[in-house]
>>> print(open('structure-v1.cif').read())   # mmCIF, C-alpha atoms
data_input
#
loop_
_atom_site.label_atom_id
_atom_site.label_comp_id
_atom_site.auth_asym_id
_atom_site.auth_seq_id
_atom_site.Cartn_x
_atom_site.Cartn_y
_atom_site.Cartn_z
CA MET P 165 12.00 12.03 -1.36
CA THR P 166 11.09 15.68 -1.11
CA GLN P 167 13.98 18.05 -0.47
CA THR P 168 13.84 21.58 0.86
CA SER P 169 16.08 24.60 0.48
CA ALA P 170 16.78 27.41 2.87
CA THR P 171 13.95 29.42 1.32
CA ALA P 172 11.45 26.61 0.77
CA ALA P 173 8.44 25.99 2.96
CA PRO P 174 9.14 23.38 5.64
CA LEU P 175 8.04 19.81 5.18
CA ILE P 176 4.81 19.19 7.08
CA CYS P 177 4.75 15.72 8.60
CA PRO P 178 1.41 15.00 10.31
CA SER P 179 1.68 12.50 13.15
CA ILE P 180 -1.01 9.86 12.90
CA LEU P 181 -0.77 9.41 16.67
CA ALA P 182 -3.42 12.17 16.76
CA SER P 183 -5.62 10.61 14.07
CA ASP P 184 -8.77 8.51 14.32
CA PHE P 185 -7.30 5.02 14.71
CA SER P 186 -10.55 3.43 13.56
CA LYS P 187 -10.07 5.08 10.14
CA LEU P 188 -6.30 5.14 9.63
CA GLY P 189 -6.43 4.42 5.91
CA GLU P 190 -8.97 7.17 5.32
CA GLU P 191 -7.01 9.57 7.50
CA ILE P 192 -3.80 9.04 5.53
CA ARG P 193 -5.55 9.51 2.20
CA ALA P 194 -7.11 12.71 3.52
CA LEU P 195 -3.71 13.98 4.66
CA GLU P 196 -2.19 13.41 1.23
CA THR P 197 -5.07 15.26 -0.42
CA ALA P 198 -4.67 18.08 2.11
CA GLY P 199 -1.04 18.68 1.18
CA ALA P 200 1.00 16.75 3.75
CA ASP P 201 4.59 16.06 2.72
CA TRP P 202 5.39 13.03 4.87
CA ILE P 203 3.37 10.77 7.16
CA HIS P 204 4.91 10.59 10.63
CA VAL P 205 4.39 7.27 12.41
CA ASP P 206 5.12 7.07 16.14
CA VAL P 207 6.10 3.57 17.21
CA MET P 208 6.12 3.03 20.98
CA ASP P 209 6.81 -0.19 22.86
CA GLY P 210 5.47 0.63 26.33
CA HIS P 211 8.98 0.31 27.80
CA PHE P 212 11.18 2.94 26.19
CA VAL P 213 8.26 5.37 26.48
CA PRO P 214 5.06 5.01 28.54
CA ASN P 215 2.68 4.24 25.68
CA LEU P 216 1.98 1.41 23.24
CA THR P 217 1.08 2.21 19.64
CA ILE P 218 1.81 0.88 16.15
CA GLY P 219 3.67 -2.21 14.96
CA PRO P 220 5.01 -3.18 11.55
CA ASP P 221 1.82 -4.98 10.52
CA VAL P 222 -0.12 -1.73 10.81
CA VAL P 223 2.49 0.15 8.78
CA LYS P 224 2.30 -2.58 6.12
CA ALA P 225 -1.49 -2.31 6.00
CA LEU P 226 -1.30 1.47 5.58
CA ARG P 227 1.39 1.50 2.91
CA PRO P 228 -0.99 1.02 -0.07
CA HIS P 229 -3.05 4.04 0.98
CA THR P 230 -0.49 6.70 0.00
CA SER P 231 2.65 7.36 -2.00
CA LEU P 232 3.92 9.81 0.62
CA PRO P 233 7.07 8.84 2.53
CA PHE P 234 6.49 7.06 5.84
CA ASP P 235 8.61 8.78 8.48
CA VAL P 236 8.81 6.20 11.28
CA HIS P 237 9.95 7.32 14.73
CA LEU P 238 11.06 4.22 16.62
CA MET P 239 10.63 4.63 20.37
CA VAL P 240 11.57 1.04 21.15
CA ALA P 241 14.49 -0.64 22.89
CA PRO P 242 16.44 -2.52 21.81
CA VAL P 243 15.73 -1.01 18.41
CA ASP P 244 18.00 -3.00 16.09
CA ASN P 245 15.72 -6.05 16.19
CA TRP P 246 12.89 -4.08 14.55
CA LEU P 247 14.63 -2.30 11.70
CA GLU P 248 14.17 -4.98 9.04
CA ALA P 249 10.50 -5.46 9.90
CA PHE P 250 9.62 -1.78 9.63
CA ARG P 251 11.62 -1.32 6.45
CA ALA P 252 9.87 -4.32 4.89
CA ALA P 253 6.54 -2.86 6.00
CA GLY P 254 7.20 0.33 4.05
CA ALA P 255 9.18 2.74 6.22
CA ASP P 256 11.11 5.29 4.14
CA VAL P 257 12.73 7.06 7.09
CA MET P 258 13.55 5.34 10.38
CA SER P 259 14.60 7.51 13.30
CA VAL P 260 16.12 6.13 16.50
CA HIS P 261 17.18 7.45 19.88
CA PRO P 262 20.80 7.20 21.07
CA GLU P 263 19.45 5.59 24.25
CA SER P 264 17.67 2.78 22.38
CA GLY P 265 20.76 0.76 21.53
CA PRO P 266 24.39 0.52 22.57
CA HIS P 267 25.92 1.14 19.13
CA VAL P 268 24.38 4.14 17.37
CA HIS P 269 26.79 4.05 14.43
CA ARG P 270 25.89 0.44 13.76
CA THR P 271 22.17 1.14 13.98
CA LEU P 272 22.30 4.13 11.62
CA GLY P 273 24.44 2.16 9.20
CA GLN P 274 22.01 -0.73 9.25
CA ILE P 275 19.10 1.58 8.44
CA ARG P 276 20.96 2.90 5.41
CA GLN P 277 21.95 -0.60 4.32
CA LEU P 278 18.26 -1.49 4.31
CA GLY P 279 17.67 1.35 1.84
CA ALA P 280 15.95 3.76 4.22
CA LYS P 281 16.93 7.22 5.41
CA ALA P 282 18.49 7.23 8.89
CA GLY P 283 17.30 9.62 11.57
CA LEU P 284 18.66 10.40 15.03
CA VAL P 285 16.28 11.64 17.74
CA PHE P 286 17.07 13.82 20.74
CA ASN P 287 14.76 14.06 23.75
CA PRO P 288 14.58 17.42 25.54
CA ALA P 289 17.25 16.42 28.09
CA THR P 290 19.48 14.44 25.69
CA PRO P 291 22.66 16.34 24.76
CA LEU P 292 23.64 16.75 21.11
CA SER P 293 27.13 15.31 21.59
CA VAL P 294 26.13 12.07 19.85
CA LEU P 295 25.18 14.04 16.73
CA GLU P 296 28.69 15.46 16.51
CA GLU P 297 30.08 11.91 16.52
CA ALA P 298 27.57 10.46 14.05
CA VAL P 299 26.67 13.39 11.80
CA GLU P 300 27.99 11.71 8.65
CA LEU P 301 25.53 8.84 9.12
CA VAL P 302 22.31 10.83 9.53
CA ASP P 303 19.80 11.91 6.90
CA LEU P 304 17.49 13.49 9.47
CA VAL P 305 17.83 14.91 12.97
CA LEU P 306 14.67 15.03 15.07
CA ILE P 307 14.53 17.40 18.03
CA MET P 308 11.79 16.46 20.47
CA SER P 309 10.16 19.56 21.91
CA VAL P 310 8.17 17.47 24.39
CA ASN P 311 9.04 14.34 26.33
CA PRO P 312 7.79 11.54 24.07
CA GLY P 313 4.98 9.17 24.90
CA PHE P 314 1.73 11.06 24.43
CA GLY P 315 0.30 13.60 22.01
CA GLY P 316 -1.16 16.98 22.89
CA GLN P 317 1.70 18.19 25.09
CA LYS P 318 2.89 21.80 25.30
CA PHE P 319 5.97 22.89 23.35
CA ILE P 320 9.11 23.25 25.49
CA GLU P 321 10.41 26.71 24.60
CA THR P 322 14.05 25.92 25.34
CA SER P 323 13.90 23.49 22.42
CA LEU P 324 14.47 26.46 20.11
CA ARG P 325 18.03 26.84 21.38
CA LYS P 326 18.60 23.14 20.82
CA ILE P 327 17.35 23.44 17.24
CA GLU P 328 19.85 26.26 16.71
CA ARG P 329 22.70 24.14 18.08
CA ALA P 330 21.72 21.16 15.94
CA ARG P 331 21.58 23.37 12.84
CA ALA P 332 25.06 24.68 13.61
CA ILE P 333 26.43 21.13 13.90
CA LEU P 334 24.86 20.11 10.59
CA ASP P 335 26.09 23.23 8.81
CA ARG P 336 29.64 22.85 10.10
CA ALA P 337 29.69 19.29 8.82
CA GLY P 338 28.24 20.28 5.44
CA SER P 339 25.36 17.91 6.10
CA LYS P 340 22.21 17.98 3.96
CA ALA P 341 20.20 16.18 6.64
CA HIS P 342 16.73 17.45 7.41
CA LEU P 343 16.23 19.04 10.83
CA GLN P 344 12.83 18.09 12.17
CA VAL P 345 10.90 19.21 15.26
CA ASP P 346 8.21 17.19 17.01
CA GLY P 347 6.05 18.06 20.00
CA GLY P 348 3.51 20.79 20.55
CA VAL P 349 4.11 22.29 17.10
CA VAL P 350 1.37 24.78 16.17
CA ALA P 351 1.11 27.82 13.92
CA ALA P 352 2.14 30.09 16.80
CA ASN P 353 5.59 28.49 17.13
CA ALA P 354 6.18 27.10 13.62
CA GLY P 355 7.91 30.28 12.49
CA ALA P 356 10.26 30.25 15.46
CA CYS P 357 11.16 26.61 14.78
CA VAL P 358 12.05 27.37 11.17
CA ALA P 359 13.92 30.54 12.12
CA ALA P 360 15.99 28.42 14.51
CA GLY P 361 16.93 26.10 11.66
CA ALA P 362 14.23 23.46 11.28
CA ASP P 363 13.07 22.45 7.81
CA ALA P 364 10.54 19.78 8.77
CA LEU P 365 7.68 20.06 11.27
CA VAL P 366 5.82 17.18 12.87
CA ALA P 367 2.36 18.20 14.02
CA GLY P 368 -0.39 16.03 15.42
CA SER P 369 -3.17 17.70 17.34
CA PHE P 370 -2.91 20.94 15.34
CA VAL P 371 -3.32 19.21 11.98
CA PHE P 372 -6.13 16.92 13.04
CA LYS P 373 -8.31 19.46 14.85
CA GLY P 374 -11.61 20.01 13.09
CA GLY P 375 -11.62 16.71 11.19
CA PRO P 376 -10.69 15.91 7.57
CA ASP P 377 -12.40 18.98 6.12
CA ALA P 378 -9.97 21.17 8.10
CA TYR P 379 -6.72 19.32 7.35
CA ALA P 380 -5.77 21.38 4.29
CA ALA P 381 -6.33 24.68 6.10
CA ASN P 382 -4.40 23.48 9.14
CA ILE P 383 -1.43 22.35 7.03
CA GLN P 384 -1.47 25.60 5.09
CA ALA P 385 -1.57 27.55 8.36
CA LEU P 386 1.65 25.85 9.46
CA LYS P 387 3.35 26.58 6.15
CA ALA P 388 2.19 30.19 6.14
CA ALA P 389 3.33 30.74 9.73
CA ALA P 390 6.75 29.33 8.89
CA ALA P 391 7.22 31.38 5.72
#
>>> encode(input="structure-v1.cif", output="structure tokens")
Amino acid sequence: MTQTSATAAPLICPSILASDFSKLGEEIRALETAGADWIHVDVMDGHFVPNLTIGPDVVKALRPHTSLPFDVHLMVAPVDNWLEAFRAAGADVMSVHPESGPHVHRTLGQIRQLGAKAGLVFNPATPLSVLEEAVELVDLVLIMSVNPGFGGQKFIETSLRKIERARAILDRAGSKAHLQVDGGVVAANAGACVAAGADALVAGSFVFKGGPDAYAANIQALKAAAA
């Protein structure tokens, strides 16, 4: 999987939640051509968050359309029951919320045992204390800069301080985990996210605006703003 350094451009991870669901295969191929680094897949169960989206069968159907890593954000509870299915479907990264299961260490360990990268997700009001206890088990930390459930929300500015705190925890632990931000990410705040310590940006509405012909320019705008 792609790695970044402190001076590299951030990974751009378009969220297909904002794509045309009637053309998901075409959308993913267009994103790869446009220069996306990962494909971010938002999985919602209608209980943990107030929306219902993609299951493992859809991920499996999309897997042949790209060689890019599938970055699967699991907003389901209980989450452990779904890990094997999403890994078998083609998930390369699986990120979970501390609230989605009683034993975070066990969940993160299971993800790694399945051969995927393990991510830990923090909602805007979720404290980072769990990260300090589980930092050795994470390959990615995802800071939500909106309350999850729906695309198109406005970036919560106080998330920048949380990104800084998460970066400090990772650095103190000597962790090489990616620090990702998701929610309302646009060119206007991409630079601030990276300056705070992020090295991966999830963007939905911003990337998909203007249709496939605009994807490359939109992705480049994010990278340029974060440089």
>>> closest_residue(input="structure-v1.cif", among="P:Ala354, P:Ala282, P:Val302, P:Ala198", to="Asp235 in chain P", atoms="all atoms listed in the file")
P:Ala282
>>> atom_distance(input="structure-v1.cif", atom1="CA of Ala391 in chain P", atom2="CA of Phe234 in chain P")
24.3 Å
>>> closest_residue(input="structure-v1.cif", among="P:Leu306, P:Ala388, P:Ala378, P:Leu226", to="Ala362 in chain P", atoms="only C-alpha atoms")
P:Leu306
>>> atom_distance(input="structure-v1.cif", atom1="CA of Glu321 in chain P", atom2="CA of Asn353 in chain P")
9.1 Å
>>> resolve_selection(input="structure-v1.cif", expression="the PyMOL selection byres ((chain P and resi 331) around 10)", output="ChimeraX atom specification")
/P:305,325-330,332-337,339,341-343,360-363
>>> resolve_selection(input="structure-v1.cif", expression="the PyMOL selection byres ((chain P and resi 195) around 12)", output="PyMOL selection string")
chain P and resi 176-180+183+188-194+196-204+229-232+367-368+371-372+375-384
>>> atom_distance(input="structure-v1.cif", atom1="CA of Gly355 in chain P", atom2="CA of Pro174 in chain P")
9.8 Å
>>> resolve_selection(input="structure-v1.cif", expression="the PyMOL selection byres ((chain P and resi 221) around 12)", output="ChimeraX atom specification")
/P:207,217-220,222-227,246,249-255
>>> closest_residue(input="structure-v1.cif", among="P:Ser309, P:Leu292, P:Leu238, P:Leu278", to="Val350 in chain P", atoms="all atoms listed in the file")
P:Ser309
>>> closest_residue(input="structure-v1.cif", among="P:Ile275, P:Ala172, P:Ala364, P:Leu181", to="Pro312 in chain P", atoms="all atoms listed in the file")
P:Leu181
>>> closest_residue(input="structure-v1.cif", among="P:Leu304, P:Val310, P:Met258, P:Leu247", to="Thr290 in chain P", atoms="all atoms listed in the file")
P:Val310
